[in-house]
Every structure is written in C-alpha cells, then in structure tokens.
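Quick look at model-v3.txt (compact mmCIF, C-alpha atoms and all ligand atoms):
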```txt
# COMPACT_ATOMS: atom_id res chain seq x y z
CA MET A 1 89.47 109.20 131.38
CA SER A 2 91.02 107.21 134.14
CA ALA A 3 89.27 106.54 137.39
CA THR A 4 91.93 107.52 139.87
CA ALA A 5 91.50 106.90 143.54
CA ILE A 6 90.00 109.89 145.24
CA PRO A 7 91.09 110.85 148.72
CA ASN A 8 88.89 111.36 151.74
CA MET A 9 87.62 114.82 151.10
CA GLN A 10 85.56 113.83 148.07
CA PRO A 11 82.35 113.13 150.00
CA LEU A 12 81.87 116.83 150.63
CA GLN A 13 81.81 117.66 146.93
CA ALA A 14 79.81 114.57 146.15
CA MET A 15 77.24 115.45 148.76
CA LEU A 16 76.99 119.03 147.61
CA ASN A 17 76.50 117.87 144.06
CA ALA A 18 73.87 115.38 145.07
CA ARG A 19 72.03 117.77 147.28
CA THR A 20 72.08 120.82 145.07
CA SER A 21 71.35 119.15 141.75
CA THR A 22 68.45 116.93 142.75
CA PRO A 23 65.34 118.97 143.42
CA SER A 24 63.79 116.15 145.41
CA GLY A 25 63.78 112.41 145.83
CA ASP A 26 66.89 110.34 146.36
CA VAL A 27 67.71 112.08 149.58
CA ALA A 28 64.78 110.63 151.50
CA GLY A 29 65.99 108.81 154.54
CA ARG A 30 68.75 111.36 154.94
CA ARG A 31 66.96 113.34 157.56
CA GLY A 32 69.24 114.67 160.18
CA CYS A 33 71.89 115.00 157.49
CA PRO A 34 74.46 117.48 158.76
CA LEU A 35 74.38 119.25 155.43
CA SER A 36 70.66 119.96 155.57
CA ASP A 37 71.12 121.02 159.19
CA LEU A 38 73.75 123.44 157.99
CA ARG A 39 71.48 124.73 155.27
CA ASP A 40 68.73 125.36 157.83
CA ARG A 41 71.20 127.00 160.15
CA LEU A 42 72.32 129.41 157.44
CA ARG A 43 68.73 130.23 156.51
CA ARG A 44 67.79 130.84 160.12
CA ALA A 45 70.72 133.22 160.39
CA GLY A 46 69.42 135.09 157.36
CA LEU A 47 72.06 133.85 154.93
CA ARG A 48 71.24 132.28 151.60
CA PRO A 49 72.81 128.79 151.61
CA THR A 50 75.01 129.22 148.56
CA ARG A 51 77.39 126.50 147.55
CA GLN A 52 80.38 128.42 148.85
CA ARG A 53 78.78 129.13 152.20
CA LEU A 54 77.77 125.50 152.52
CA SER A 55 81.25 124.27 151.62
CA LEU A 56 82.98 126.60 154.05
CA GLY A 57 80.32 126.06 156.72
CA TRP A 58 80.81 122.35 156.36
CA LEU A 59 84.52 122.70 156.98
CA LEU A 60 84.01 125.16 159.84
CA PHE A 61 81.23 123.53 161.80
CA GLY A 62 81.76 119.86 161.03
CA ARG A 63 84.37 119.22 163.71
CA GLY A 64 83.20 120.62 166.99
CA ASP A 65 84.30 123.88 168.53
CA ARG A 66 87.33 125.37 166.87
CA HIS A 67 89.27 128.58 166.54
CA LEU A 68 90.72 129.48 163.22
CA THR A 69 91.99 132.23 161.01
CA ALA A 70 90.98 132.91 157.41
CA GLU A 71 94.29 131.44 156.27
CA MET A 72 93.70 128.23 158.20
CA LEU A 73 90.24 127.81 156.70
CA TYR A 74 91.58 128.62 153.26
CA ASP A 75 94.19 125.85 153.61
CA GLU A 76 91.49 123.41 154.63
CA ALA A 77 89.37 124.46 151.67
CA MET A 78 92.29 123.88 149.31
CA ARG A 79 92.90 120.45 150.76
CA ALA A 80 89.20 119.63 150.43
CA LYS A 81 89.30 120.86 146.84
CA VAL A 82 86.73 123.55 147.50
CA PRO A 83 87.26 126.16 144.78
CA VAL A 84 87.34 129.42 146.74
CA SER A 85 89.65 132.40 146.93
CA LEU A 86 91.15 133.72 150.14
CA ALA A 87 89.01 136.85 149.67
CA THR A 88 85.87 134.72 149.60
CA VAL A 89 86.98 132.97 152.77
CA TYR A 90 87.43 136.36 154.47
CA ASN A 91 84.06 137.60 153.29
CA THR A 92 82.29 134.44 154.33
CA LEU A 93 83.87 134.48 157.79
CA HIS A 94 82.74 138.06 158.28
CA GLN A 95 79.23 137.31 157.02
CA PHE A 96 78.99 134.34 159.38
CA THR A 97 80.21 136.55 162.22
CA GLU A 98 77.67 139.27 161.49
CA ALA A 99 74.95 136.63 161.34
CA GLY A 100 75.97 135.37 164.80
CA LEU A 101 77.28 131.98 163.68
CA LEU A 102 80.85 132.79 164.59
CA ARG A 103 82.54 135.03 167.07
CA GLN A 104 85.60 137.01 166.18
CA LEU A 105 88.26 136.95 168.89
CA ALA A 106 90.52 139.86 169.64
CA LEU A 107 93.65 137.88 170.38
CA ASP A 108 96.28 139.11 168.06
CA GLY A 109 96.37 142.43 166.27
CA SER A 110 97.75 140.97 163.10
CA LYS A 111 95.37 138.06 162.62
CA ALA A 112 91.67 137.62 163.20
CA TYR A 113 90.66 134.39 164.88
CA PHE A 114 87.12 133.10 164.54
CA ASP A 115 85.42 130.87 167.07
CA THR A 116 82.81 128.37 165.89
CA ASN A 117 81.23 128.57 169.33
CA PRO A 118 79.66 132.03 169.42
CA SER A 119 78.52 131.82 173.05
CA GLU A 120 80.40 133.76 175.69
CA HIS A 121 83.44 131.93 176.99
CA HIS A 122 87.05 132.62 177.79
CA HIS A 123 90.31 131.60 176.19
CA PHE A 124 93.87 130.64 176.68
CA PHE A 125 96.14 131.93 173.95
CA LEU A 126 99.53 130.41 173.35
CA GLU A 127 101.05 133.37 171.61
CA GLU A 128 104.15 131.90 170.04
CA GLU A 129 102.23 129.11 168.39
CA GLY A 130 99.05 131.05 167.66
CA GLN A 131 97.10 128.33 169.42
CA VAL A 132 93.73 129.12 171.02
CA LEU A 133 92.13 126.94 173.68
CA ASP A 134 88.78 127.24 175.37
CA MET A 135 89.05 127.77 179.08
CA PRO A 136 87.14 125.17 181.09
CA ASP A 137 83.78 126.42 182.35
CA CYS A 138 85.00 126.73 185.88
CA GLY A 139 88.22 128.35 184.74
CA ILE A 140 87.54 131.87 185.86
CA THR A 141 84.97 134.03 187.58
CA VAL A 142 84.78 137.70 186.93
CA ASP A 143 82.66 139.02 189.75
CA SER A 144 83.86 142.51 190.49
CA LEU A 145 83.58 144.62 187.42
CA PRO A 146 83.62 148.40 187.54
CA ASP A 147 80.38 150.21 186.78
CA ALA A 148 79.88 150.90 183.11
CA PRO A 149 80.27 154.54 182.12
CA GLU A 150 77.16 156.72 182.28
CA GLY A 151 74.48 155.64 179.83
CA MET A 152 76.14 152.32 179.03
CA GLU A 153 75.89 148.77 180.21
CA ILE A 154 78.29 145.85 180.11
CA ALA A 155 77.40 143.62 177.19
CA GLY A 156 79.90 140.87 177.84
CA VAL A 157 83.22 140.01 179.36
CA GLU A 158 85.88 138.20 177.45
CA VAL A 159 89.01 137.04 179.21
CA ILE A 160 92.14 136.03 177.35
CA VAL A 161 94.89 134.44 179.37
CA ARG A 162 98.15 134.54 177.46
CA LEU A 163 100.41 131.55 177.81
CA ARG A 164 103.93 130.66 176.96
CA ARG A 165 105.74 127.39 177.25
CA ARG A 166 107.74 127.06 180.39
CA GLY A 167 111.39 127.78 179.90
CA ALA A 168 110.75 129.04 176.41
CA SER A 169 111.21 132.67 177.28
CA GLY A 170 114.93 132.42 178.12
CA ARG A 171 115.71 135.95 179.17
CA LYS A 172 119.31 136.16 178.20
CA ALA A 173 120.45 139.73 178.10
ZN ZN B 1 86.44 129.45 172.04
```
Represent the structure from my file as structure tokens, please.
Ligand SMILES: [Zn+2]
Amino acid sequence: MSATAIPNMQPLQAMLNARTSTPSGDVAGRRGCPLSDLRDRLRRAGLRPTRQRLSLGWLLFGRGDRHLTAEMLYDEAMRAKVPVSLATVYNTLHQFTEAGLLRQLALDGSKAYFDTNPSEHHHFFLEEEGQVLDMPDCGITVDSLPDAPEGMEIAGVEVIVRLRRRGASGRKA
C-alpha cells in the first residue's frame, strides 16, 4: 500500500467516515459543523440523513446559492469521489425538492434545473450556455397580475428573463 497524495475533495469522505462511524466523542468542539447542520436540516425536512443524501447535500448546499442540473451534480459527485449513480442523483434532487430544500426551475424543457435557494425569486437565463443567474432583489416588480380563475388563488410568481449575448444571434438569412 502506498500513501499517495490525496486531492482536495478527500475531507468530505473523511468527515463522513468520522461522523458516521463514531457514535459519540471525538467530535466534541465541532459544534456548528456544517455537516451536522446539514444532518439537522435533512431531519427537519423529514428526510433520513443517509450517507448519500449527506454527500450530495454537502455538494449542493456547501457553496452558497446555486442552480444546477442532475448532470452537473453528478459530475461534481464523481470529482469528489462520491460513489453514486446518476439515477440516485435524480432521485435525491427530487426528494430534496419535495421536502422543500430545493426548488425546481422551469427554464428549459429538456433539462431540469434545481435552485438551492427555495425562496421565491426571479432569474435570468442565458439560453445558449445554460447559465442561470439570480435576478437582483430590485430587479423586477410584478404588480398587476390578472385575477386568478374562479376558486383559485395565485401561489407565486416566477419570472424568467431570457438572455443572449449581444451580437451572438447573427441573423443571416
Ligand atoms: Zn435562483
């Protein structure tokens, strides 16, 4: 056995190992640990904090607000050496969405984007590059909505402003 240098992503696995295999002790003084926060967050959302959910949750929620597809998260998981299948990534994203931890965005018919900030906000979508950006808070006001149809009420308003790079559309007939 040779002790090869291990790249950056190792701490995730090391932490998971440490935290899941020691019933107690050792981890004292680690209060406020993002991983235990994540575990609490999953429990509060009604999800059992399995190893896979913790690993994927760690990747998803550890870097601020983001928008990503299952394929993007799967790539990150592979790079972090998290042993999951693409199907598991899909299932986990949908479970997180149902539990209210993520919001699924209707941006592109062919690909589902998930937002790690589940609160209501609006987006810019750069279609050609599949890039999603949060609109600044003051970005838009929607103040004249039609009445909801009989017996219904408006539950939320989601605005997507589609962008393209200037000059990129070259309309040459
Ligand atoms: Zn967003």
Set the cut-off to 10 Å, count all atoms listed in the file, and list whatever residues fall near ligand ZN 1 (chain B) as JSON, numbers by chain. {"A": [65, 66, 67, 68, 102, 103, 104, 105, 113, 114, 115, 116, 117, 118, 119, 120, 121, 122, 123, 124, 132, 133, 134, 135]}
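With all atoms listed in the file as the atoms that count, the minimum distance from Ala77 (chain A) to the choices A:Met152, A:Cys33, A:Leu59, A:Leu93 is reached by A:Leu59.
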So how far away is CA of Glu98 (chain A) from CA of Ser85 (chain A), in Å? 20.1 Å
Who sits within 12 Å of Met78 (chain A), all atoms listed in the file, same chain under 5 positions skipped, as a VMD selection string: chain A and resid 9 55 to 56 59 71 to 73 83 to 86 89
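Rounded to one decimal, CA of Leu101 (chain A) and CA of Ala45 (chain A) lie 7.4 Å from each other.
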What is the CA of Arg164 (chain A)-CA of Cys138 (chain A) distance in Å, reported with one decimal?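 Interatomic distance here is 21.3 Å.
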Please identify all polymer residues within 10 Å of Thr92 (chain A), counting all atoms listed in the file, omitting same-chain residues fewer than 4 positions from it, and present them as number ranges by chain. A: 52-53, 56-57, 70, 86-88, 96-98
If we count all atoms listed in the file and set the cut-off at 10 Å, which residues sit around Asp108 (chain A), ignoring sequence neighbours fewer than 3 positions away in its own chain? Please answer as JSON, numbers by chain. {"A": [105, 111, 112, 113, 125, 127, 130]}
Could those selected residues go to a file with C-alpha atoms, as a PDB file, keeping the file's coordinate frame?
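Full text of result.pdb as output:
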```pdb
ATOM      1  CA  LEU A 105      88.260 136.950 168.890  1.00  0.00           C
ATOM      2  CA  LYS A 111      95.370 138.060 162.620  1.00  0.00           C
ATOM      3  CA  ALA A 112      91.670 137.620 163.200  1.00  0.00           C
ATOM      4  CA  TYR A 113      90.660 134.390 164.880  1.00  0.00           C
ATOM      5  CA  PHE A 125      96.140 131.930 173.950  1.00  0.00           C
ATOM      6  CA  GLU A 127     101.050 133.370 171.610  1.00  0.00           C
ATOM      7  CA  GLY A 130      99.050 131.050 167.660  1.00  0.00           C
TER       8      GLY A 130
END
```
Please return the centre and edge lengths, in Å to one decimal, of a box with edges along x, y and z that contains all listed atoms of region 103-122 of chain A, widened by 8 Å on every side, as AutoDock Vina command-line options.
```
--center_x 88.1 --center_y 135.4 --center_z 170.2 --size_x 35.2 --size_y 30.1 --size_z 31.2
```
Nearest-residue call for His94 (chain A), choices A:Leu47, A:Ala155, A:Leu163, A:Asp37, using only C-alpha atoms: A:Leu47
